[in-house]
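What follows is the content of query_25.txt (compact mmCIF, C-alpha atoms and all ligand atoms).
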# COMPACT_ATOMS: atom_id res chain seq x y z
CA MET G 219 69.90 59.14 190.31
CA ASN G 220 70.23 56.76 187.41
CA ALA G 221 70.64 57.69 183.77
CA SER G 222 67.03 57.12 182.83
CA SER G 223 65.70 59.74 185.18
CA VAL G 224 66.87 62.68 183.08
CA LEU G 225 64.70 61.29 180.30
CA SER G 226 61.76 61.44 182.67
CA LEU G 227 62.10 65.23 182.38
CA VAL G 228 61.54 65.10 178.63
CA ARG G 229 58.03 65.66 177.25
CA GLU G 230 56.22 62.37 177.63
CA ASP G 231 54.99 62.37 174.03
CA LEU G 232 58.57 62.65 172.76
CA ARG G 233 60.30 60.00 174.84
CA ALA G 234 59.84 57.30 172.21
CA PHE G 235 60.01 59.68 169.23
CA ALA G 236 62.24 58.25 166.51
CA GLY G 237 62.63 61.45 164.48
CA TYR G 238 63.53 61.60 160.80
CA SER G 239 65.47 58.70 159.36
CA SER G 240 68.14 60.37 157.22
CA ALA G 241 70.02 58.98 154.25
CA ARG G 242 73.25 59.17 156.25
CA SER G 243 72.17 57.62 159.51
CA SER G 244 71.88 53.97 158.52
CA ALA G 245 74.67 51.43 158.25
CA LEU G 246 74.49 51.16 154.48
CA VAL G 247 77.65 50.57 152.44
CA GLY G 248 78.22 50.92 148.72
CA ASP G 249 80.09 52.94 146.16
CA VAL G 250 77.15 54.08 144.08
CA TRP G 251 74.99 56.33 146.22
CA LEU G 252 71.52 56.71 144.78
CA ASN G 253 69.51 56.93 147.97
CA ALA G 254 69.24 60.66 148.66
CA ASN G 255 68.38 62.27 145.33
CA GLU G 256 71.66 64.19 145.25
CA SER G 257 73.17 65.25 141.94
CA ALA G 258 75.68 62.95 140.29
CA TRP G 259 77.84 65.97 139.35
CA ALA G 260 79.61 68.69 141.26
CA ASN G 261 78.46 72.27 141.05
CA PRO G 262 80.88 74.46 139.03
CA ALA G 263 81.26 76.63 142.12
CA ASP G 264 82.40 73.56 144.07
CA PRO G 265 84.69 71.71 141.66
CA GLN G 266 85.81 69.21 144.33
CA GLY G 267 82.19 68.33 145.00
CA SER G 268 82.78 68.78 148.70
CA ALA G 269 79.23 70.04 149.18
CA ARG G 270 77.51 67.71 146.73
CA ARG G 271 76.34 65.15 149.29
CA TYR G 272 74.28 65.67 152.40
CA PRO G 273 76.70 65.98 155.34
CA GLU G 274 77.03 63.64 158.29
CA PRO G 275 74.31 64.60 160.77
CA GLN G 276 76.92 64.85 163.54
CA PRO G 277 80.34 64.98 161.85
CA GLU G 278 82.35 62.43 163.79
CA ALA G 279 85.75 64.08 163.52
CA LEU G 280 84.40 67.45 164.63
CA ARG G 281 82.43 65.91 167.45
CA ALA G 282 85.56 64.18 168.74
CA ARG G 283 87.60 67.41 168.58
CA LEU G 284 84.93 69.46 170.31
CA ALA G 285 84.58 66.80 173.00
CA SER G 286 88.30 66.84 173.68
CA LEU G 287 88.31 70.66 173.69
CA TYR G 288 85.53 70.80 176.26
CA GLY G 289 86.57 67.78 178.32
CA CYS G 290 83.70 65.39 177.69
CA THR G 291 83.04 62.27 175.63
CA PRO G 292 81.65 62.53 172.07
CA GLU G 293 78.48 60.80 173.28
CA GLN G 294 77.89 63.66 175.70
CA LEU G 295 78.05 66.30 172.96
CA LEU G 296 75.54 67.50 170.40
CA ILE G 297 76.65 69.87 167.64
CA GLY G 298 74.06 72.45 166.70
CA ARG G 299 73.68 75.60 164.63
CA GLY G 300 75.09 77.77 167.35
CA SER G 301 74.20 77.25 170.96
CA ASP G 302 71.02 79.10 170.01
CA GLU G 303 69.76 75.92 168.38
CA ALA G 304 70.53 73.90 171.51
CA ILE G 305 68.54 76.35 173.64
CA ASP G 306 65.58 75.98 171.30
CA LEU G 307 65.86 72.17 171.24
CA LEU G 308 65.98 71.95 175.02
CA VAL G 309 62.91 74.11 175.44
CA ARG G 310 60.96 72.24 172.78
CA ALA G 311 61.86 68.78 174.01
CA LEU G 312 61.40 69.41 177.73
CA CYS G 313 58.57 71.87 178.09
CA GLU G 314 54.97 70.84 177.66
CA PRO G 315 53.39 73.94 176.07
CA GLY G 316 51.37 75.95 178.52
CA GLY G 317 52.64 73.95 181.49
CA ASP G 318 56.35 73.48 182.11
CA ALA G 319 58.18 76.69 182.87
CA VAL G 320 61.57 78.13 181.91
CA LEU G 321 63.50 80.05 184.55
CA VAL G 322 65.77 82.94 183.61
CA THR G 323 67.75 85.53 185.57
CA PRO G 324 67.26 88.98 184.02
CA PRO G 325 68.99 91.05 182.85
CA VAL G 326 70.27 88.19 180.73
CA PHE G 327 70.73 86.89 177.18
CA GLY G 328 67.37 87.16 175.44
CA MET G 329 67.13 83.85 173.56
CA TYR G 330 65.98 81.83 176.57
CA ALA G 331 62.83 83.94 176.85
CA VAL G 332 62.31 83.96 173.07
CA CYS G 333 62.41 80.16 172.90
CA ALA G 334 60.13 79.88 175.93
CA ARG G 335 57.66 82.23 174.26
CA LEU G 336 57.70 80.23 171.02
CA GLN G 337 56.96 77.05 172.99
CA ASN G 338 54.29 78.79 175.08
CA ALA G 339 56.28 77.84 178.17
CA PRO G 340 55.65 80.10 181.17
CA LEU G 341 58.66 82.28 181.98
CA LEU G 342 59.89 82.54 185.56
CA GLU G 343 62.14 85.51 186.21
CA VAL G 344 64.53 85.68 189.14
CA PRO G 345 66.35 89.02 188.83
CA LEU G 346 70.08 89.28 189.35
CA LEU G 347 70.92 91.03 192.61
CA ASP G 348 72.87 94.26 192.34
CA SER G 349 75.45 94.78 195.06
CA GLU G 350 78.99 95.97 195.70
CA SER G 351 80.31 92.72 194.23
CA GLY G 352 78.31 93.02 191.00
CA LEU G 353 75.06 91.81 189.46
CA ASN G 354 74.85 88.25 190.74
CA ALA G 355 72.52 85.28 190.48
CA ASP G 356 70.24 84.86 193.49
CA ILE G 357 70.73 81.14 194.04
CA ASP G 358 68.23 80.65 196.90
CA ALA G 359 65.52 82.47 194.97
CA ILE G 360 66.31 80.48 191.81
CA ILE G 361 65.82 77.21 193.68
CA ALA G 362 62.66 78.34 195.46
CA THR G 363 61.08 79.80 192.30
CA ALA G 364 62.00 76.79 190.16
CA LEU G 365 60.37 74.45 192.68
CA SER G 366 57.22 76.49 193.24
CA GLY G 367 56.83 77.49 189.57
CA LYS G 368 57.22 74.04 188.01
CA ALA G 369 60.35 74.91 186.05
CA LYS G 370 61.58 72.23 183.65
CA LEU G 371 64.58 74.26 182.55
CA VAL G 372 66.74 76.68 184.51
CA PHE G 373 69.16 78.79 182.49
CA LEU G 374 72.27 79.92 184.36
CA CYS G 375 74.43 82.19 182.26
CA THR G 376 78.03 82.20 183.47
CA PRO G 377 79.86 84.42 182.71
CA SER G 378 76.59 86.27 182.52
CA ASN G 379 75.70 88.31 179.46
CA PRO G 380 75.50 91.29 179.92
CA ALA G 381 76.30 91.44 183.65
CA GLY G 382 79.76 89.86 183.43
CA SER G 383 79.44 87.96 186.71
CA SER G 384 80.05 84.26 187.07
CA ILE G 385 78.43 81.62 189.25
CA ALA G 386 80.69 79.46 191.43
CA LEU G 387 80.63 75.75 190.61
CA SER G 388 79.52 75.04 194.18
CA GLU G 389 76.45 77.21 193.60
CA ILE G 390 75.69 75.44 190.33
CA GLU G 391 75.91 72.16 192.21
CA ARG G 392 73.51 73.47 194.80
CA VAL G 393 70.92 74.26 192.12
CA ALA G 394 71.44 70.93 190.33
CA THR G 395 71.04 69.03 193.60
CA ALA G 396 67.92 70.87 194.64
CA LEU G 397 66.25 70.38 191.24
CA ARG G 398 67.29 66.79 190.67
CA GLY G 399 64.48 64.84 189.01
CA ARG G 400 62.53 68.07 188.48
CA ALA G 401 64.46 70.31 186.10
CA VAL G 402 67.48 70.41 183.83
CA VAL G 403 69.93 73.12 184.83
CA VAL G 404 71.52 74.59 181.71
CA VAL G 405 74.84 76.35 182.27
CA ASP G 406 75.48 78.69 179.34
CA GLU G 407 79.24 79.12 179.02
CA ALA G 408 79.27 81.09 175.76
CA TYR G 409 82.07 83.19 177.30
CA GLY G 410 83.74 80.40 179.27
CA GLU G 411 87.09 80.93 177.54
CA TYR G 412 87.41 84.37 179.15
CA ALA G 413 86.52 83.21 182.66
CA GLU G 414 88.86 82.24 185.46
CA GLN G 415 86.71 79.42 186.74
CA ALA G 416 86.62 75.83 185.50
CA SER G 417 83.80 74.69 183.23
CA ALA G 418 80.68 73.08 184.67
CA VAL G 419 81.46 70.19 182.31
CA THR G 420 83.59 68.93 185.21
CA LEU G 421 80.34 68.39 187.18
CA LEU G 422 78.45 66.40 184.55
CA ASP G 423 79.43 62.99 185.84
CA ARG G 424 77.80 63.77 189.16
CA TYR G 425 74.60 65.51 187.99
CA ASP G 426 72.67 64.07 185.09
CA ASN G 427 70.21 66.98 185.21
CA LEU G 428 73.00 69.36 184.24
CA ALA G 429 73.70 70.55 180.69
CA VAL G 430 76.41 72.91 179.43
CA LEU G 431 76.39 75.16 176.37
CA ARG G 432 79.59 76.10 174.56
CA THR G 433 80.13 77.87 171.25
CA LEU G 434 82.77 78.69 168.65
CA SER G 435 81.02 82.03 168.05
CA LYS G 436 82.80 84.20 170.59
CA ALA G 437 86.39 83.46 171.64
CA HIS G 438 86.97 81.24 168.59
CA ALA G 439 85.88 84.02 166.24
CA LEU G 440 83.58 81.85 164.13
CA ALA G 441 80.17 83.41 164.73
CA ALA G 442 79.16 83.01 161.09
CA ALA G 443 79.97 79.29 161.04
CA ARG G 444 77.18 78.65 163.58
CA ILE G 445 78.83 75.86 165.54
CA GLY G 446 77.59 75.41 169.08
CA SER G 447 77.72 72.48 171.46
CA LEU G 448 75.38 71.10 174.03
CA ILE G 449 77.07 68.84 176.57
CA ALA G 450 74.85 66.63 178.71
CA ALA G 451 73.97 63.05 179.61
CA PRO G 452 74.27 60.79 176.51
CA GLU G 453 70.62 59.74 176.86
CA LEU G 454 69.48 63.32 176.62
CA ILE G 455 71.85 64.05 173.73
CA GLN G 456 70.45 61.09 171.78
CA LEU G 457 66.91 62.19 172.37
CA LEU G 458 67.59 65.79 171.33
CA ARG G 459 69.39 64.56 168.23
CA ARG G 460 66.16 62.87 167.18
CA CYS G 461 64.31 66.18 167.60
CA GLN G 462 66.91 68.15 165.60
CA ALA G 463 66.90 68.88 161.86
CA PRO G 464 68.27 65.96 159.78
CA TYR G 465 71.53 67.62 158.64
CA PRO G 466 72.16 70.50 161.01
CA VAL G 467 75.88 70.98 160.37
CA PRO G 468 76.79 72.31 156.89
CA ALA G 469 79.95 70.66 155.55
CA PRO G 470 81.82 73.95 154.88
CA CYS G 471 81.12 75.03 158.46
CA SER G 472 82.29 71.78 159.91
CA ALA G 473 85.50 71.94 157.82
CA LEU G 474 86.12 75.48 159.04
CA ALA G 475 85.52 74.44 162.64
CA LEU G 476 87.89 71.49 162.36
CA ALA G 477 90.61 73.78 161.03
CA ALA G 478 89.97 76.16 163.92
CA LEU G 479 90.58 73.30 166.34
CA GLU G 480 94.02 72.48 164.94
CA PRO G 481 96.74 73.14 167.52
CA ALA G 482 98.12 76.21 165.71
CA SER G 483 94.69 77.84 165.51
CA LEU G 484 93.97 77.00 169.13
CA ALA G 485 97.25 78.60 170.18
CA THR G 486 96.32 81.80 168.36
CA THR G 487 92.86 81.75 169.93
CA ALA G 488 94.43 81.35 173.38
CA ALA G 489 96.75 84.29 172.74
CA ARG G 490 93.79 86.44 171.67
CA VAL G 491 91.85 85.46 174.77
CA ALA G 492 94.80 86.57 176.87
CA GLU G 493 94.93 89.85 174.98
CA VAL G 494 91.21 90.43 175.49
CA LYS G 495 91.60 89.83 179.22
CA ALA G 496 94.42 92.37 179.40
CA GLU G 497 92.42 94.88 177.38
CA ARG G 498 89.36 94.23 179.52
CA ALA G 499 91.34 95.23 182.61
CA ARG G 500 92.74 98.31 180.89
CA LEU G 501 89.34 99.40 179.57
CA GLN G 502 87.65 98.80 182.91
CA GLN G 503 90.22 100.88 184.74
CA ALA G 504 90.11 103.73 182.24
CA LEU G 505 86.31 103.78 182.03
CA GLN G 506 86.02 103.90 185.81
CA ASN G 507 87.86 107.19 185.70
CA ALA G 508 86.00 108.59 182.70
CA PRO G 509 83.63 111.54 183.21
CA GLY G 510 79.96 110.61 183.20
CA VAL G 511 80.60 106.97 184.08
CA ARG G 512 78.70 105.86 187.15
CA ARG G 513 79.81 102.27 187.41
CA VAL G 514 81.77 99.67 185.47
CA TYR G 515 80.98 96.09 186.45
CA ALA G 516 83.80 93.60 186.75
CA SER G 517 83.52 91.12 183.89
CA GLN G 518 84.54 87.55 183.23
CA GLY G 519 83.46 87.90 179.59
CA ASN G 520 84.76 89.88 176.61
CA TYR G 521 82.53 92.86 177.35
CA LEU G 522 81.93 95.43 180.04
CA LEU G 523 78.60 96.59 181.43
CA VAL G 524 78.80 100.32 182.13
CA ARG G 525 76.35 102.64 183.89
CA PHE G 526 76.37 106.29 182.81
CA ASN G 527 74.95 109.51 184.19
CA ASP G 528 73.40 109.84 180.74
CA ALA G 529 73.63 106.69 178.65
CA GLN G 530 71.97 108.40 175.68
CA VAL G 531 74.70 111.04 175.51
CA ALA G 532 77.40 108.37 175.72
CA PHE G 533 75.69 106.17 173.14
CA ASP G 534 75.26 109.09 170.74
CA ALA G 535 78.83 110.30 171.19
CA LEU G 536 80.16 106.81 170.44
CA LEU G 537 77.88 106.45 167.43
CA ALA G 538 78.94 109.84 166.08
CA ALA G 539 82.50 108.55 166.21
CA GLY G 540 81.47 105.40 164.36
CA VAL G 541 81.51 103.12 167.42
CA VAL G 542 78.44 100.92 167.86
CA VAL G 543 77.83 99.50 171.32
CA ARG G 544 74.88 97.63 172.80
CA ASP G 545 72.21 99.79 174.36
CA GLN G 546 70.96 97.92 177.44
CA ARG G 547 68.44 100.49 178.61
CA ALA G 548 65.38 98.39 177.79
CA ALA G 549 66.64 95.60 180.08
CA PRO G 550 65.42 95.40 183.68
CA GLN G 551 67.72 97.21 186.15
CA LEU G 552 69.81 98.60 183.29
CA GLY G 553 68.04 101.85 182.42
CA ASP G 554 71.35 103.71 182.42
CA ALA G 555 73.66 101.08 180.94
CA LEU G 556 75.55 100.21 177.78
CA ARG G 557 77.43 97.00 177.07
CA ILE G 558 80.75 97.51 175.35
CA THR G 559 82.51 94.57 173.71
CA VAL G 560 86.26 94.48 174.32
CA GLY G 561 87.77 95.07 170.87
CA SER G 562 91.29 95.39 169.56
CA PRO G 563 93.56 97.83 171.43
CA ALA G 564 92.97 100.43 168.69
CA GLU G 565 89.20 99.97 168.88
CA ASN G 566 89.26 100.28 172.66
CA ASP G 567 91.36 103.43 172.35
CA ARG G 568 88.64 104.89 170.17
CA VAL G 569 86.02 104.14 172.83
CA LEU G 570 88.18 105.78 175.48
CA GLN G 571 88.90 108.82 173.33
CA VAL G 572 85.19 109.44 172.91
CA LEU G 573 84.19 108.77 176.48
CA THR G 574 86.97 110.73 178.07
CA ALA G 575 86.21 113.74 175.83
CA ALA G 576 84.24 116.46 177.58
CA ARG G 577 81.09 116.15 175.50
CA ALA G 578 80.29 112.67 176.72
CA ALA G 579 80.47 113.88 180.30
CA ALA G 580 76.89 114.62 181.09
C1 LIG G 601 76.30 84.84 172.02
C2 LIG G 601 75.62 84.01 173.00
C3 LIG G 601 75.09 82.75 172.69
C4 LIG G 601 74.85 82.34 171.26
O1 LIG G 601 75.86 81.69 170.72
P1 LIG G 601 75.74 80.97 169.31
O2 LIG G 601 76.54 79.76 169.55
O3 LIG G 601 76.33 81.90 168.33
O4 LIG G 601 74.31 80.67 169.00
C5 LIG G 601 74.58 81.94 173.68
N1 LIG G 601 74.55 82.40 174.95
C6 LIG G 601 75.00 83.61 175.29
C7 LIG G 601 74.94 84.03 176.71
C8 LIG G 601 75.53 84.45 174.34
O5 LIG G 601 75.93 85.68 174.69

Conversion result in structure tokens:
Amino acid sequence: MNASSVLSLVREDLRAFAGYSSARSSALVGDVWLNANESAWANPADPQGSARRYPEPQPEALRARLASLYGCTPEQLLIGRGSDEAIDLLVRALCEPGGDAVLVTPPVFGMYAVCARLQNAPLLEVPLLDSESGLNADIDAIIATALSGKAKLVFLCTPSNPAGSSIALSEIERVATALRGRAVVVVDEAYGEYAEQASAVTLLDRYDNLAVLRTLSKAHALAAARIGSLIAAPELIQLLRRCQAPYPVPAPCSALALAALEPASLATTAARVAEVKAERARLQQALQNAPGVRRVYASQGNYLLVRFNDAQVAFDALLAAGVVVRDQRAAPQLGDALRITVGSPAENDRVLQVLTAARAAA
């Protein structure tokens, strides 16, 4: 499959779309910049004037650092306002409203369905299968449903939020192969840092209908900076860039992200990831033995999905102790479940204190 065929999956009316021509995107040079109606003076709150000018649309230094972090080339990477923006861009650019479908695997992260709804893209749901080994993606059903339901986008969340399961790279390859020329397979690795398995970025050279989402919001502890990455074929990245807002990356956020990608910060992040994994194992073990707990799913993320005899009682007991967890009961198959983020050791102790106390044991 050559590089142009992934563009054949893009909405026909957008293939030649040039987008907005920003003041920063042309090859102009000068030392007096009067082309963007910016102020000539710095704001008193920003004496260095670091925020006075519109930022680079795709800050080059940050793009290079993110690319090296994730193991791709800068041309394969688009920086967005969180991976949420990339999800929205993909749906808007690929799905003809009312025609091309989006496939999701519930229970799963809700933004895929929200973006599909906003685009009036039909939603195809292939439920995760619950078994001894966990809540896992049903690969054969995903392929069959995507083909019969005219999916343009297939979202595979691995590690899956909230289920915690991951999808083997060989299974991802199977989906990408089966849907070649028909759909883009989006592998959402928001929690990839906590997983044992290699990133699907390693498959990109072989499947141009594959895209990977990464973010600084979770393991890198920068949720408020809103820095997410979409990694895909350069042709697709260029096209999506033209559909994106003119200056999507605020300069203070990009500076913060660059600092977070310095070796010392990365070393601290890696140490924290290791600590979370150790705490995840401890919490899982302890919760399994807690009264009222029906099942704790193994997790490759920084959270645990837990089934309770009475999830309301557990939720209320935690809340009464000041601990807020995610109620999953409205999600399909999860009528008795809560999702608990792995916190600091002290925070996890608090969870365990509450849930091992008699009153949570319904
Ligand atoms: C948190 C989360 C995201 C969103 O990440 P941002 O980069 O903050 O937008 C994407 N996917 C999944 C599965 C998530 O849990």

* To do: Give the residues close to ligand LIG 601 (chain G), within 6 Å, counting only C-alpha atoms and all ligand atoms; write them as a ChimeraX atom specification.
  => /G:300-302,327,375,379,406,408,433,435,441,444,446

Can you write out the residues you just picked, keeping C-alpha atoms, as an mmCIF file, keeping the file's coordinate frame?
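Output file out-v2.cif is given in full below:
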data_model
loop_
_atom_site.group_PDB
_atom_site.id
_atom_site.type_symbol
_atom_site.label_atom_id
_atom_site.label_comp_id
_atom_site.auth_asym_id
_atom_site.auth_seq_id
_atom_site.Cartn_x
_atom_site.Cartn_y
_atom_site.Cartn_z
ATOM 1 C CA GLY G 300 75.090 77.770 167.350
ATOM 2 C CA SER G 301 74.200 77.250 170.960
ATOM 3 C CA ASP G 302 71.020 79.100 170.010
ATOM 4 C CA PHE G 327 70.730 86.890 177.180
ATOM 5 C CA CYS G 375 74.430 82.190 182.260
ATOM 6 C CA ASN G 379 75.700 88.310 179.460
ATOM 7 C CA ASP G 406 75.480 78.690 179.340
ATOM 8 C CA ALA G 408 79.270 81.090 175.760
ATOM 9 C CA THR G 433 80.130 77.870 171.250
ATOM 10 C CA SER G 435 81.020 82.030 168.050
ATOM 11 C CA ALA G 441 80.170 83.410 164.730
ATOM 12 C CA ARG G 444 77.180 78.650 163.580
ATOM 13 C CA GLY G 446 77.590 75.410 169.080
#

* Hey, what's within 8 Å of Val372 in chain G if we count all atoms listed in the file and toss same-chain stuff fewer than 4 positions away? As a VMD selection string, please? -> chain G and resid 320 to 322 364 401 to 404

Next, the residues of the selection above should be written as an mmCIF file, in the frame of the given file with C-alpha atoms.
data_model
loop_
_atom_site.group_PDB
_atom_site.id
_atom_site.type_symbol
_atom_site.label_atom_id
_atom_site.label_comp_id
_atom_site.auth_asym_id
_atom_site.auth_seq_id
_atom_site.Cartn_x
_atom_site.Cartn_y
_atom_site.Cartn_z
ATOM 1 C CA VAL G 320 61.570 78.130 181.910
ATOM 2 C CA LEU G 321 63.500 80.050 184.550
ATOM 3 C CA VAL G 322 65.770 82.940 183.610
ATOM 4 C CA ALA G 364 62.000 76.790 190.160
ATOM 5 C CA ALA G 401 64.460 70.310 186.100
ATOM 6 C CA VAL G 402 67.480 70.410 183.830
ATOM 7 C CA VAL G 403 69.930 73.120 184.830
ATOM 8 C CA VAL G 404 71.520 74.590 181.710
#

* Structure fact -> Judged by all atoms listed in the file, the minimum distance to Ala355 in chain G among G:Gln503, G:Gln571, G:Ser388, G:Thr376 is found for G:Thr376

Using only C-alpha atoms, find each residue in range 274-373 of chain G having at least one atom no more than 12 Å away from range 515-538 of chain G; report its shortest atom-to-atom pair and that distance in Å (one decimal), rows by chain then rising number, as a tab-separated table.
residue	atom	partner	partner_atom	distance
G:Pro325	CA	G:Leu523	CA	11.2
G:Val326	CA	G:Leu523	CA	11.9
G:Asp348	CA	G:Tyr515	CA	10.2
G:Ser349	CA	G:Tyr515	CA	10.3
G:Glu350	CA	G:Tyr515	CA	9.5
G:Ser351	CA	G:Ala516	CA	8.3
G:Gly352	CA	G:Tyr515	CA	6.1
G:Leu353	CA	G:Tyr515	CA	7.9
G:Asn354	CA	G:Tyr515	CA	10.8

* Contacts of Val572 in chain G at 8 Å or less, counting only C-alpha atoms, minus same-chain residues fewer than 3 places along, as an MDAnalysis selection string? -> chainID G and resid 535:536 539 568:569 575 578

Output C-alpha atoms for every residue in the selection just made, as a PDB file, in the frame of the given file.
ATOM      1  CA  ALA G 535      78.830 110.300 171.190  1.00  0.00           C
ATOM      2  CA  LEU G 536      80.160 106.810 170.440  1.00  0.00           C
ATOM      3  CA  ALA G 539      82.500 108.550 166.210  1.00  0.00           C
ATOM      4  CA  ARG G 568      88.640 104.890 170.170  1.00  0.00           C
ATOM      5  CA  VAL G 569      86.020 104.140 172.830  1.00  0.00           C
ATOM      6  CA  ALA G 575      86.210 113.740 175.830  1.00  0.00           C
ATOM      7  CA  ALA G 578      80.290 112.670 176.720  1.00  0.00           C
TER       8      ALA G 578
END

* Asked: With distances taken over all atoms listed in the file, which of G:Leu458, G:Ala437, G:Ala362, G:Ile390 is nearest to Ala485 in chain G?
  ->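 Comparing G:Leu458, G:Ala437, G:Ala362, G:Ile390 against Ala485 in chain G, the winner is G:Ala437.
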
* To do: Take CA of Pro563 in chain G and CA of Val541 in chain G and report the distance between them in Å, one decimal.
  =>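 Pair CA of Pro563 in chain G / CA of Val541 in chain G returns 13.8 Å.
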
* Structure fact -> In terms of all atoms listed in the file, the residue from G:Asn338, G:Thr395, G:Asn255, G:Thr323 at minimal distance from Asp356 in chain G is G:Thr323

Please, could N, CA and C atoms be added to range 434-448 of chain G and the result written as a short mmCIF file (atom, residue, chain, number, x, y, z; two decimals), in the coordinates of the input?
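This is the output file part11.cif:
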data_model
loop_
_atom_site.label_atom_id
_atom_site.label_comp_id
_atom_site.auth_asym_id
_atom_site.auth_seq_id
_atom_site.Cartn_x
_atom_site.Cartn_y
_atom_site.Cartn_z
N LEU G 434 81.58 78.17 169.34
CA LEU G 434 82.77 78.69 168.65
C LEU G 434 82.55 80.14 168.21
N SER G 435 81.38 80.71 168.57
CA SER G 435 81.02 82.03 168.05
C SER G 435 81.77 83.19 168.68
N LYS G 436 82.25 83.05 169.89
CA LYS G 436 82.80 84.20 170.59
C LYS G 436 84.32 84.13 170.59
N ALA G 437 84.93 83.46 171.56
CA ALA G 437 86.39 83.46 171.64
C ALA G 437 87.06 82.84 170.40
N HIS G 438 86.37 81.89 169.76
CA HIS G 438 86.97 81.24 168.59
C HIS G 438 86.73 82.00 167.29
N ALA G 439 86.02 83.11 167.39
CA ALA G 439 85.88 84.02 166.24
C ALA G 439 85.22 83.38 165.02
N LEU G 440 84.26 82.49 165.25
CA LEU G 440 83.58 81.85 164.13
C LEU G 440 82.05 82.00 164.22
N ALA G 441 81.61 83.20 164.54
CA ALA G 441 80.17 83.41 164.73
C ALA G 441 79.37 83.02 163.48
N ALA G 442 79.91 83.28 162.31
CA ALA G 442 79.16 83.01 161.09
C ALA G 442 79.12 81.53 160.73
N ALA G 443 79.98 80.73 161.34
CA ALA G 443 79.97 79.29 161.04
C ALA G 443 78.84 78.58 161.77
N ARG G 444 78.30 79.20 162.82
CA ARG G 444 77.18 78.65 163.58
C ARG G 444 77.48 77.27 164.13
N ILE G 445 78.51 77.14 164.91
CA ILE G 445 78.83 75.86 165.54
C ILE G 445 78.76 76.01 167.05
N GLY G 446 77.74 75.41 167.64
CA GLY G 446 77.59 75.41 169.08
C GLY G 446 77.50 73.99 169.59
N SER G 447 77.76 73.81 170.87
CA SER G 447 77.72 72.48 171.46
C SER G 447 76.85 72.46 172.69
N LEU G 448 76.08 71.39 172.79
CA LEU G 448 75.38 71.10 174.03
C LEU G 448 76.03 69.87 174.63
#
